[in-house]
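J.: final-v5.cif is reproduced below (mmCIF, C-alpha atoms).
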data_coords
loop_
_atom_site.label_atom_id
_atom_site.label_comp_id
_atom_site.auth_asym_id
_atom_site.auth_seq_id
_atom_site.Cartn_x
_atom_site.Cartn_y
_atom_site.Cartn_z
CA MET O 142 79.87 57.98 111.05
CA SER O 143 82.47 56.85 113.61
CA LYS O 144 83.03 58.98 116.70
CA THR O 145 86.52 59.96 115.41
CA LEU O 146 85.24 60.96 112.01
CA GLU O 147 82.36 62.86 113.56
CA ARG O 148 84.77 64.76 115.82
CA ARG O 149 87.02 65.57 112.86
CA THR O 150 84.04 66.83 110.79
CA LYS O 151 82.93 69.10 113.62
CA LEU O 152 86.45 70.43 114.22
CA ARG O 153 86.88 71.10 110.52
CA GLU O 154 83.64 73.06 110.49
CA SER O 155 84.81 75.03 113.55
CA LEU O 156 88.12 75.74 111.84
CA ILE O 157 86.41 77.12 108.74
CA GLU O 158 84.09 79.26 110.88
CA ALA O 159 87.05 80.55 112.89
CA ALA O 160 88.87 81.47 109.67
CA GLU O 161 85.73 83.21 108.44
CA ARG O 162 85.47 85.29 111.62
CA ARG O 163 89.15 86.26 111.41
CA ILE O 164 88.93 87.21 107.72
CA ALA O 165 85.72 89.19 108.32
CA ALA O 166 87.47 91.11 111.12
CA GLY O 167 90.92 91.69 109.64
CA GLY O 168 91.08 90.53 106.04
CA LEU O 169 93.32 87.86 104.54
CA ALA O 170 96.57 89.56 105.51
CA GLY O 171 96.32 88.84 109.21
CA LEU O 172 95.18 85.20 108.94
CA LYS O 173 97.50 82.91 110.94
CA THR O 174 96.99 79.17 111.51
CA ARG O 175 98.44 79.60 115.00
CA ASP O 176 95.51 81.88 115.94
CA LEU O 177 93.01 79.51 114.36
CA ALA O 178 94.42 76.51 116.22
CA GLN O 179 93.99 78.49 119.43
CA ASP O 180 90.45 79.57 118.46
CA ILE O 181 89.31 75.95 118.14
CA GLY O 182 91.49 74.55 120.91
CA VAL O 183 93.86 72.25 119.00
CA ALA O 184 97.65 72.10 118.65
CA ASN O 185 99.16 74.19 115.81
CA GLY O 186 99.99 71.24 113.58
CA ALA O 187 96.54 69.68 114.02
CA VAL O 188 95.08 72.30 111.66
CA TYR O 189 96.65 70.38 108.78
CA ASN O 190 94.77 67.22 109.76
CA LEU O 191 91.59 69.18 109.04
CA VAL O 192 92.45 70.93 105.76
CA ASP O 193 95.22 70.36 103.21
CA ASP O 194 96.64 73.86 103.50
CA VAL O 195 95.75 77.53 103.97
CA ASP O 196 94.65 77.78 100.32
CA GLU O 197 91.98 75.15 100.92
CA LEU O 198 90.86 76.87 104.11
CA ILE O 199 90.51 80.24 102.37
CA LEU O 200 88.63 78.65 99.47
CA ARG O 201 86.24 76.94 101.90
CA VAL O 202 85.53 80.30 103.52
CA GLY O 203 85.11 81.69 99.98
CA SER O 204 82.48 79.04 99.22
CA ARG O 205 80.50 80.10 102.26
CA THR O 206 80.73 83.74 101.12
CA LEU O 207 79.59 82.77 97.61
CA ALA O 208 76.67 80.80 99.08
CA ARG O 209 75.55 83.91 100.98
CA LEU O 210 75.97 86.03 97.87
CA ASP O 211 73.86 83.49 96.00
CA VAL O 212 71.05 83.92 98.55
CA ALA O 213 71.29 87.72 98.27
CA LEU O 214 71.17 87.67 94.47
CA SER O 215 68.30 85.15 94.40
CA SER O 216 66.34 87.36 96.71
CA ALA O 217 67.05 90.44 94.54
CA GLU O 218 65.94 88.51 91.46
CA SER O 219 62.45 87.90 92.80
CA ASP O 220 62.14 91.22 94.62
CA GLY O 221 60.60 93.42 91.91
CA PRO O 222 59.34 93.53 88.32
CA PRO O 223 60.30 90.32 86.49
CA SER O 224 61.51 92.06 83.28
CA PRO O 225 65.09 91.00 82.53
CA ARG O 226 66.35 94.61 82.42
CA ASP O 227 64.94 95.45 85.82
CA THR O 228 66.24 92.15 87.17
CA LEU O 229 69.78 92.88 85.95
CA VAL O 230 69.71 96.29 87.62
CA ARG O 231 68.48 94.80 90.93
CA ILE O 232 71.15 92.09 90.84
CA ALA O 233 73.89 94.67 90.27
CA VAL O 234 72.68 96.83 93.15
CA ALA O 235 72.40 93.73 95.38
CA TYR O 236 76.00 92.86 94.50
CA CYS O 237 77.05 96.34 95.60
CA ASP O 238 75.12 95.99 98.88
CA PHE O 239 76.63 92.58 99.55
CA ALA O 240 80.16 93.89 98.99
CA ALA O 241 79.50 96.84 101.30
CA ASP O 242 77.96 94.64 104.03
CA HIS O 243 80.57 91.83 103.89
CA HIS O 244 83.49 93.93 102.81
CA GLU O 245 86.43 91.85 104.01
CA LEU O 246 84.91 88.49 103.07
CA TRP O 247 84.06 89.86 99.63
CA ARG O 248 87.57 91.31 99.17
CA ALA O 249 89.07 87.96 100.17
CA LEU O 250 87.29 86.29 97.22
CA PHE O 251 89.34 88.39 94.82
CA GLU O 252 92.55 88.96 96.73
CA HIS O 253 93.34 85.36 97.44
CA ARG O 254 96.02 83.89 95.17
CA MET O 255 96.83 80.19 95.16
CA ALA O 256 100.43 79.18 95.88
CA PRO O 257 102.41 79.55 92.59
CA GLY O 258 101.70 76.77 90.09
CA LYS O 259 98.74 75.40 92.06
CA PRO O 260 95.44 75.49 90.19
CA VAL O 261 92.18 76.48 91.86
CA PRO O 262 90.40 73.16 92.63
CA GLU O 263 87.45 72.14 90.47
CA TRP O 264 84.89 72.41 93.30
CA ALA O 265 85.87 76.04 93.97
CA VAL O 266 85.66 76.96 90.28
CA SER O 267 82.15 75.43 90.09
CA ASP O 268 81.05 77.39 93.14
CA GLN O 269 82.23 80.57 91.44
CA MET O 270 80.79 79.86 88.01
CA ALA O 271 77.40 78.84 89.42
CA LEU O 272 76.73 82.45 90.39
CA PHE O 273 76.87 83.62 86.79
CA ARG O 274 73.44 82.08 86.24
CA HIS O 275 71.93 85.15 87.94
CA ILE O 276 73.21 87.32 85.09
CA TYR O 277 72.97 84.69 82.38
CA ARG O 278 69.26 83.97 82.78
CA PRO O 279 67.94 87.52 82.27
CA LEU O 280 70.37 87.99 79.35
CA ALA O 281 69.13 84.77 77.74
CA GLU O 282 65.60 86.10 78.04
CA MET O 283 66.60 89.44 76.48
CA PHE O 284 68.61 87.88 73.64
CA PRO O 285 66.90 84.60 72.74
CA THR O 286 68.83 84.17 69.47
CA ARG O 287 72.30 84.42 70.99
CA THR O 288 74.36 81.30 71.64
CA PRO O 289 75.31 80.22 75.18
CA ASP O 290 78.92 81.26 74.45
CA GLU O 291 77.86 84.74 73.36
CA LEU O 292 75.64 85.10 76.40
CA GLY O 293 78.48 83.90 78.61
CA VAL O 294 80.76 86.62 77.22
CA THR O 295 78.17 89.31 77.83
CA ALA O 296 77.44 87.97 81.32
CA ARG O 297 81.07 88.15 82.38
CA SER O 298 81.49 91.61 80.83
CA LEU O 299 78.49 92.93 82.74
CA PHE O 300 79.73 91.31 85.92
CA SER O 301 83.24 92.70 85.49
CA ALA O 302 81.95 96.19 84.80
CA VAL O 303 79.74 96.18 87.90
CA HIS O 304 82.56 94.65 89.94
CA GLY O 305 84.85 97.49 88.86
CA MET O 306 82.34 100.12 89.95
CA VAL O 307 81.85 98.43 93.31
CA LEU O 308 85.57 97.84 93.80
CA LEU O 309 86.74 101.39 93.11
CA GLY O 310 83.65 102.89 94.74
CA LEU O 311 84.12 101.01 98.01
CA GLU O 312 87.91 101.06 98.12
CA HIS O 313 88.02 104.86 97.98
CA LYS O 314 91.07 104.47 95.76
CA LEU O 315 91.18 107.26 93.16
CA ILE O 316 87.45 107.61 93.60
CA ALA O 317 85.44 108.10 96.77
CA VAL O 318 81.69 107.56 96.61
CA PRO O 319 79.12 107.19 99.40
CA VAL O 320 77.37 103.78 99.13
CA GLU O 321 73.96 105.35 98.42
CA ALA O 322 75.42 107.34 95.52
CA LEU O 323 77.27 104.27 94.32
CA ARG O 324 74.08 102.20 94.24
CA ALA O 325 72.35 104.91 92.22
CA GLU O 326 75.25 105.18 89.77
CA ILE O 327 75.38 101.43 89.29
CA ALA O 328 71.67 101.35 88.54
CA VAL O 329 72.07 104.12 85.92
CA ILE O 330 75.08 102.52 84.26
CA VAL O 331 73.70 98.97 84.22
CA ARG O 332 70.42 100.18 82.79
CA ALA O 333 72.34 102.12 80.12
CA MET O 334 74.44 99.05 79.30
CA VAL O 335 71.51 96.70 78.93
CA GLU O 336 69.42 99.24 77.00
CA GLY O 337 72.43 99.92 74.77
CA LEU O 338 73.05 96.20 74.23
CA ALA O 339 69.39 95.66 73.41
CA ALA O 340 69.38 98.54 70.92
CA SER O 341 72.63 97.69 69.19
CA ARG O 342 72.79 95.43 66.20
CA ARG O 343 74.98 92.40 66.72
CA VAL O 344 78.66 93.32 66.58
CA ASP O 345 80.76 90.45 65.21
CA MET F 593 122.19 124.24 91.06
CA SER F 594 125.06 123.32 93.38
CA LYS F 595 127.13 120.22 92.61
CA THR F 596 125.69 118.46 95.71
CA LEU F 597 122.12 119.26 94.82
CA GLU F 598 122.72 118.21 91.22
CA ARG F 599 124.16 114.89 92.37
CA ARG F 600 121.22 114.33 94.70
CA THR F 601 118.73 115.10 91.92
CA LYS F 602 120.41 112.61 89.60
CA LEU F 603 120.58 109.92 92.26
CA ARG F 604 116.94 110.45 93.10
CA GLU F 605 116.03 110.02 89.45
CA SER F 606 118.12 106.83 89.30
CA LEU F 607 116.40 105.52 92.42
CA ILE F 608 112.93 106.08 90.93
CA GLU F 609 114.01 104.42 87.68
CA ALA F 610 115.46 101.47 89.58
CA ALA F 611 112.20 101.09 91.54
CA GLU F 612 110.27 101.24 88.28
CA ARG F 613 112.39 98.46 86.75
CA ARG F 614 111.95 96.30 89.84
CA ILE F 615 108.19 96.84 90.00
CA ALA F 616 107.85 96.19 86.23
CA ALA F 617 109.74 92.91 86.68
CA GLY F 618 108.28 91.58 89.91
CA GLY F 619 105.43 93.76 91.14
CA LEU F 620 105.18 95.67 94.38
CA ALA F 621 105.52 92.61 96.61
CA GLY F 622 109.23 92.06 95.95
CA LEU F 623 110.32 95.71 96.22
CA LYS F 624 113.15 96.09 98.78
CA THR F 625 115.09 99.28 99.48
CA ARG F 626 118.21 97.14 100.02
CA ASP F 627 118.07 96.01 96.38
CA LEU F 628 117.43 99.55 95.18
CA ALA F 629 120.37 100.92 97.15
CA GLN F 630 122.55 98.30 95.49
CA ASP F 631 121.10 99.09 92.04
CA ILE F 632 122.17 102.72 92.28
CA GLY F 633 125.35 102.12 94.27
CA VAL F 634 124.56 103.83 97.60
CA ALA F 635 124.44 102.61 101.20
CA ASN F 636 121.08 101.22 102.40
CA GLY F 637 120.21 104.18 104.60
CA ALA F 638 121.08 106.70 101.87
CA VAL F 639 117.84 105.85 100.05
CA TYR F 640 116.00 107.87 102.69
CA ASN F 641 118.05 110.96 101.87
CA LEU F 642 116.53 110.77 98.40
CA VAL F 643 112.85 110.06 99.17
CA ASP F 644 110.83 110.37 102.38
CA ASP F 645 109.78 106.73 102.43
CA VAL F 646 108.76 103.77 100.27
CA ASP F 647 105.26 105.24 99.85
CA GLU F 648 106.73 108.32 98.18
CA LEU F 649 108.97 106.18 95.99
CA ILE F 650 106.04 104.03 94.81
CA LEU F 651 103.90 107.13 94.17
CA ARG F 652 106.73 108.68 92.09
CA VAL F 653 106.87 105.52 90.00
CA GLY F 654 103.07 105.72 89.77
CA SER F 655 103.28 109.26 88.41
CA ARG F 656 105.60 108.06 85.65
CA THR F 657 103.14 105.26 84.83
CA LEU F 658 100.26 107.76 84.76
CA ALA F 659 102.27 110.05 82.48
CA ARG F 660 102.76 107.16 80.03
CA LEU F 661 99.09 106.26 80.26
CA ASP F 662 98.29 109.91 79.52
CA VAL F 663 100.35 109.75 76.32
CA ALA F 664 98.63 106.48 75.29
CA LEU F 665 95.15 107.91 75.91
CA SER F 666 95.93 111.19 74.14
CA SER F 667 97.14 109.26 71.14
CA ALA F 668 93.98 107.09 71.14
CA GLU F 669 91.85 110.24 71.35
CA SER F 670 93.18 111.65 68.10
CA ASP F 671 93.57 108.30 66.33
CA GLY F 672 90.15 107.95 64.67
CA PRO F 673 86.74 109.57 64.13
CA PRO F 674 86.33 112.58 66.45
CA SER F 675 82.76 111.72 67.55
CA PRO F 676 82.63 111.51 71.35
CA ARG F 677 81.17 107.98 71.29
CA ASP F 678 83.94 106.61 69.09
CA THR F 679 86.50 108.48 71.15
CA LEU F 680 85.23 106.91 74.39
CA VAL F 681 85.44 103.44 72.86
CA ARG F 682 89.02 104.05 71.63
CA ILE F 683 90.09 105.37 75.02
CA ALA F 684 88.68 102.30 76.77
CA VAL F 685 90.45 99.93 74.39
CA ALA F 686 93.69 101.92 74.78
CA TYR F 687 93.35 101.58 78.56
CA CYS F 688 93.06 97.81 78.13
CA ASP F 689 96.14 97.73 75.88
CA PHE F 690 98.13 99.83 78.31
CA ALA F 691 97.24 97.53 81.22
CA ALA F 692 98.22 94.47 79.17
CA ASP F 693 101.51 96.01 78.01
CA HIS F 694 102.57 97.46 81.40
CA HIS F 695 100.87 94.91 83.57
CA GLU F 696 102.90 95.14 86.79
CA LEU F 697 103.27 98.92 86.70
CA TRP F 698 99.54 99.25 86.08
CA ARG F 699 98.68 96.83 88.90
CA ALA F 700 100.97 98.76 91.24
CA LEU F 701 98.83 101.89 90.72
CA PHE F 702 95.89 100.13 92.33
CA GLU F 703 97.56 97.72 94.75
CA HIS F 704 99.63 100.28 96.58
CA ARG F 705 98.22 101.27 99.95
CA MET F 706 99.66 104.13 101.99
CA ALA F 707 100.86 103.35 105.50
CA PRO F 708 97.78 103.39 107.81
CA GLY F 709 96.52 106.89 108.57
CA LYS F 710 98.76 108.52 105.97
CA PRO F 711 96.86 110.39 103.23
CA VAL F 712 97.90 110.24 99.58
CA PRO F 713 99.81 113.50 98.95
CA GLU F 714 98.11 116.25 96.95
CA TRP F 715 100.51 116.05 93.98
CA ALA F 716 99.75 112.33 93.53
CA VAL F 717 96.00 112.89 93.70
CA SER F 718 96.28 115.62 91.02
CA ASP F 719 98.28 113.32 88.76
CA GLN F 720 95.52 110.73 89.06
CA MET F 721 92.60 113.09 88.63
CA ALA F 722 94.17 114.78 85.59
CA LEU F 723 93.64 111.61 83.56
CA PHE F 724 89.87 111.80 83.95
CA ARG F 725 89.81 114.64 81.41
CA HIS F 726 90.14 112.01 78.67
CA ILE F 727 86.72 110.63 79.63
CA TYR F 728 85.24 113.91 80.81
CA ARG F 729 85.74 115.84 77.55
CA PRO F 730 83.84 113.47 75.22
CA LEU F 731 81.09 113.13 77.84
CA ALA F 732 80.78 116.92 78.08
CA GLU F 733 80.42 117.05 74.31
CA MET F 734 77.72 114.34 74.38
CA PHE F 735 75.79 115.87 77.29
CA PRO F 736 76.18 119.65 77.01
CA THR F 737 73.40 120.40 79.52
CA ARG F 738 74.84 118.33 82.38
CA THR F 739 76.73 119.97 85.21
CA PRO F 740 80.43 119.31 85.81
CA ASP F 741 79.51 117.28 88.92
CA GLU F 742 77.11 115.08 86.95
CA LEU F 743 79.68 114.59 84.22
CA GLY F 744 82.29 113.75 86.84
CA VAL F 745 80.05 111.02 88.27
CA THR F 746 79.46 109.51 84.84
CA ALA F 747 83.16 109.73 83.98
CA ARG F 748 84.21 107.81 87.08
CA SER F 749 81.46 105.21 86.55
CA LEU F 750 82.60 104.60 83.00
CA PHE F 751 86.20 104.41 84.12
CA SER F 752 85.41 102.00 86.96
CA ALA F 753 83.37 99.75 84.69
CA VAL F 754 86.13 99.54 82.09
CA HIS F 755 88.72 99.08 84.83
CA GLY F 756 86.72 96.11 86.17
CA MET F 757 86.60 94.46 82.76
CA VAL F 758 90.33 94.95 82.27
CA LEU F 759 91.17 93.85 85.81
CA LEU F 760 89.21 90.60 85.80
CA GLY F 761 90.00 89.93 82.14
CA LEU F 762 93.76 90.24 82.61
CA GLU F 763 93.98 88.72 86.07
CA HIS F 764 92.36 85.50 84.91
CA LYS F 765 90.59 85.41 88.24
CA LEU F 766 87.13 83.85 87.89
CA ILE F 767 87.25 84.85 84.25
CA ALA F 768 89.90 84.08 81.64
CA VAL F 769 89.82 86.07 78.39
CA PRO F 770 92.45 86.43 75.64
CA VAL F 771 93.46 90.10 75.24
CA GLU F 772 92.07 90.33 71.69
CA ALA F 773 88.68 89.07 72.87
CA LEU F 774 88.83 91.39 75.86
CA ARG F 775 89.44 94.43 73.63
CA ALA F 776 86.44 93.46 71.49
CA GLU F 777 84.21 92.96 74.53
CA ILE F 778 85.24 96.27 76.02
CA ALA F 779 84.42 98.03 72.76
CA VAL F 780 80.95 96.41 72.65
CA ILE F 781 80.15 97.19 76.27
CA VAL F 782 81.44 100.77 76.24
CA ARG F 783 79.52 101.49 73.06
CA ALA F 784 76.39 100.00 74.64
CA MET F 785 76.92 102.11 77.78
CA VAL F 786 77.38 105.37 75.95
CA GLU F 787 74.52 104.68 73.51
CA GLY F 788 72.34 103.68 76.46
CA LEU F 789 73.30 106.81 78.41
CA ALA F 790 72.61 108.98 75.37
CA ALA F 791 69.21 107.36 74.83
CA SER F 792 68.08 107.43 78.43
CA ARG F 793 66.17 110.31 79.88
CA ARG F 794 67.90 111.88 82.86
CA VAL F 795 67.56 109.72 85.96
CA ASP F 796 67.53 111.80 89.10
#
As a first step, turn the structure in this file into structure tokens.
T.:
Amino acid sequence: MSKTLERRTKLRESLIEAAERRIAAGGLAGLKTRDLAQDIGVANGAVYNLVDDVDELILRVGSRTLARLDVALSSAESDGPPSPRDTLVRIAVAYCDFAADHHELWRALFEHRMAPGKPVPEWAVSDQMALFRHIYRPLAEMFPTRTPDELGVTARSLFSAVHGMVLLGLEHKLIAVPVEALRAEIAVIVRAMVEGLAASRRVD
Amino acid sequence: MSKTLERRTKLRESLIEAAERRIAAGGLAGLKTRDLAQDIGVANGAVYNLVDDVDELILRVGSRTLARLDVALSSAESDGPPSPRDTLVRIAVAYCDFAADHHELWRALFEHRMAPGKPVPEWAVSDQMALFRHIYRPLAEMFPTRTPDELGVTARSLFSAVHGMVLLGLEHKLIAVPVEALRAEIAVIVRAMVEGLAASRRVD
């Protein structure tokens, strides 16, 4: 790697880390490239030599958040009885804990909207979809005769349901719940969902 | 009612309706009191003779949205077999339909944040909490030995889970689902949850 390229790679990394610190402290709303340029000691315009635009920067921070979430979910997977039902409950509770512990970074994953008409880039979509394997695998074990498409639908429904409980539980919007109570509720509801799904005949 | 008071009451109603039309068309982000003043033919500053601030205006629009949602859920309640499990499934699907049909007004209910440090007024909280009776009543019928507090916890968990499925399903964020498929998924998952809850021993 040339000296110039090496310097650019390091600066780009610093920029992403600076954006991450700012989002973790104050959410997406207060993110300004001017502040970031100052954080890493470059001129305002130089930020755009390092990333295409703010959307890319936010998505790069998002990828780092998803990578951390991946570690947390992997650890929850192996941290208890290997039965798929227990695993799904542990993953859901770990998702709740992650959202509580990295609240602003987690919110940013869902609040960020691309500039109108601009699609989310392929690499960011893959990063997001890769995490579904944590839900998909136990479901595939529970329902060996279901097709990948059917399992995919159930995986995203379970995820969305848990996400909703975490979102409204932590946002204290309409509903205020202490985190400990929220974790317990999520465990009860996820267990009920997976037991109910296992007991039900196929609904077509 | 004096002529002046009558005129003020009518103007206030027009202002709330104008805000509702603007939110329904373009969401909360584009709402400007300047536009609203023009819509109802008053000077800019006169808006603040009619409501305390934009928070109040948005909450008044929210109450109208909640009143419509109340009608939709009441109609779903009586529109099919009276068993509590079927009723809970119908209510969840009706919530999905309502969100799809009144997308911006529904989003505004959850996206609105009060100015920092300002609590949501009591009347708005009551309007929101009143809707939980649609979930609470069938649950109370299913679980006659549970306390009101326990039922309240289950009601908000069910609501949050369904809300999450509707939110991520309709927002096409991470997860894109056609509304028909979403309705079907919600029915499957809610039925699984309530069957699972009914089958499970109490978890304390």
J.: Report the residues retrieved by the PyMOL selection byres ((chain F and resi 610) around 10) from the displayed file, expressed as a ChimeraX atom specification.
T.: /F:604-609,611-616,627-632,653
J.: Identify every residue of chain O that has at least one atom within 10 Å of any atom of chain F, counting all atoms listed in the file, and report the result as a PDB file with C-alpha atoms, keeping the file's coordinate frame.
T.:
ATOM      1  CA  LEU O 250      87.290  86.290  97.220  1.00  0.00           C
ATOM      2  CA  PHE O 251      89.340  88.390  94.820  1.00  0.00           C
ATOM      3  CA  GLU O 252      92.550  88.960  96.730  1.00  0.00           C
ATOM      4  CA  HIS O 253      93.340  85.360  97.440  1.00  0.00           C
ATOM      5  CA  ARG O 254      96.020  83.890  95.170  1.00  0.00           C
ATOM      6  CA  VAL O 261      92.180  76.480  91.860  1.00  0.00           C
ATOM      7  CA  ALA O 265      85.870  76.040  93.970  1.00  0.00           C
ATOM      8  CA  VAL O 266      85.660  76.960  90.280  1.00  0.00           C
ATOM      9  CA  GLN O 269      82.230  80.570  91.440  1.00  0.00           C
ATOM     10  CA  MET O 270      80.790  79.860  88.010  1.00  0.00           C
ATOM     11  CA  VAL O 294      80.760  86.620  77.220  1.00  0.00           C
ATOM     12  CA  THR O 295      78.170  89.310  77.830  1.00  0.00           C
ATOM     13  CA  ARG O 297      81.070  88.150  82.380  1.00  0.00           C
ATOM     14  CA  SER O 298      81.490  91.610  80.830  1.00  0.00           C
ATOM     15  CA  LEU O 299      78.490  92.930  82.740  1.00  0.00           C
ATOM     16  CA  PHE O 300      79.730  91.310  85.920  1.00  0.00           C
ATOM     17  CA  SER O 301      83.240  92.700  85.490  1.00  0.00           C
ATOM     18  CA  ALA O 302      81.950  96.190  84.800  1.00  0.00           C
ATOM     19  CA  VAL O 303      79.740  96.180  87.900  1.00  0.00           C
ATOM     20  CA  HIS O 304      82.560  94.650  89.940  1.00  0.00           C
ATOM     21  CA  GLY O 305      84.850  97.490  88.860  1.00  0.00           C
ATOM     22  CA  MET O 306      82.340 100.120  89.950  1.00  0.00           C
ATOM     23  CA  VAL O 307      81.850  98.430  93.310  1.00  0.00           C
ATOM     24  CA  LEU O 308      85.570  97.840  93.800  1.00  0.00           C
ATOM     25  CA  LEU O 309      86.740 101.390  93.110  1.00  0.00           C
ATOM     26  CA  GLY O 310      83.650 102.890  94.740  1.00  0.00           C
ATOM     27  CA  GLU O 312      87.910 101.060  98.120  1.00  0.00           C
ATOM     28  CA  LYS O 314      91.070 104.470  95.760  1.00  0.00           C
ATOM     29  CA  LEU O 315      91.180 107.260  93.160  1.00  0.00           C
ATOM     30  CA  ILE O 316      87.450 107.610  93.600  1.00  0.00           C
ATOM     31  CA  ALA O 317      85.440 108.100  96.770  1.00  0.00           C
ATOM     32  CA  VAL O 318      81.690 107.560  96.610  1.00  0.00           C
ATOM     33  CA  ALA O 322      75.420 107.340  95.520  1.00  0.00           C
ATOM     34  CA  LEU O 323      77.270 104.270  94.320  1.00  0.00           C
ATOM     35  CA  ALA O 325      72.350 104.910  92.220  1.00  0.00           C
ATOM     36  CA  GLU O 326      75.250 105.180  89.770  1.00  0.00           C
ATOM     37  CA  ILE O 327      75.380 101.430  89.290  1.00  0.00           C
ATOM     38  CA  ALA O 328      71.670 101.350  88.540  1.00  0.00           C
ATOM     39  CA  VAL O 329      72.070 104.120  85.920  1.00  0.00           C
ATOM     40  CA  ILE O 330      75.080 102.520  84.260  1.00  0.00           C
ATOM     41  CA  VAL O 331      73.700  98.970  84.220  1.00  0.00           C
ATOM     42  CA  ARG O 332      70.420 100.180  82.790  1.00  0.00           C
ATOM     43  CA  ALA O 333      72.340 102.120  80.120  1.00  0.00           C
ATOM     44  CA  MET O 334      74.440  99.050  79.300  1.00  0.00           C
ATOM     45  CA  VAL O 335      71.510  96.700  78.930  1.00  0.00           C
ATOM     46  CA  GLU O 336      69.420  99.240  77.000  1.00  0.00           C
ATOM     47  CA  GLY O 337      72.430  99.920  74.770  1.00  0.00           C
ATOM     48  CA  LEU O 338      73.050  96.200  74.230  1.00  0.00           C
ATOM     49  CA  ALA O 339      69.390  95.660  73.410  1.00  0.00           C
ATOM     50  CA  ALA O 340      69.380  98.540  70.920  1.00  0.00           C
ATOM     51  CA  SER O 341      72.630  97.690  69.190  1.00  0.00           C
ATOM     52  CA  ARG O 343      74.980  92.400  66.720  1.00  0.00           C
ATOM     53  CA  VAL O 344      78.660  93.320  66.580  1.00  0.00           C
ATOM     54  CA  ASP O 345      80.760  90.450  65.210  1.00  0.00           C
TER      55      ASP O 345
END
J.: For Glu772 (chain F), which residue among F:Met706, F:Cys688, F:Ala722, F:Leu731 is the nearest when counting all atoms listed in the file?
T.: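 Looking only at the distances to Glu772 (chain F), the closest residue turns out to be F:Cys688.
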J.: Could you tell me how far CA of Arg226 (chain O) lies from CA of Pro279 (chain O), in Å and to one decimal?
T.: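 Answer for the CA of Arg226 (chain O) to CA of Pro279 (chain O) separation: 7.3 Å.
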J.: Once the PyMOL selection byres ((chain F and resi 664) around 12) is applied to the coordinates I shared, what remains selected? I want it as a list of chain:residue names.
T.: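 On this input, the PyMOL selection byres ((chain F and resi 664) around 12) captures F:Thr657, F:Leu658, F:Ala659, F:Arg660, F:Leu661, F:Asp662, F:Val663, F:Leu665, F:Ser666, F:Ser667, F:Ala668, F:Glu669, F:Ser670, F:Asp671, F:Arg682, F:Ile683, F:Ala684, F:Val685, F:Ala686, F:Tyr687, F:Cys688, F:Asp689, F:Phe690, F:Ala691, F:Asp693, F:His694, F:Leu723, F:His726.
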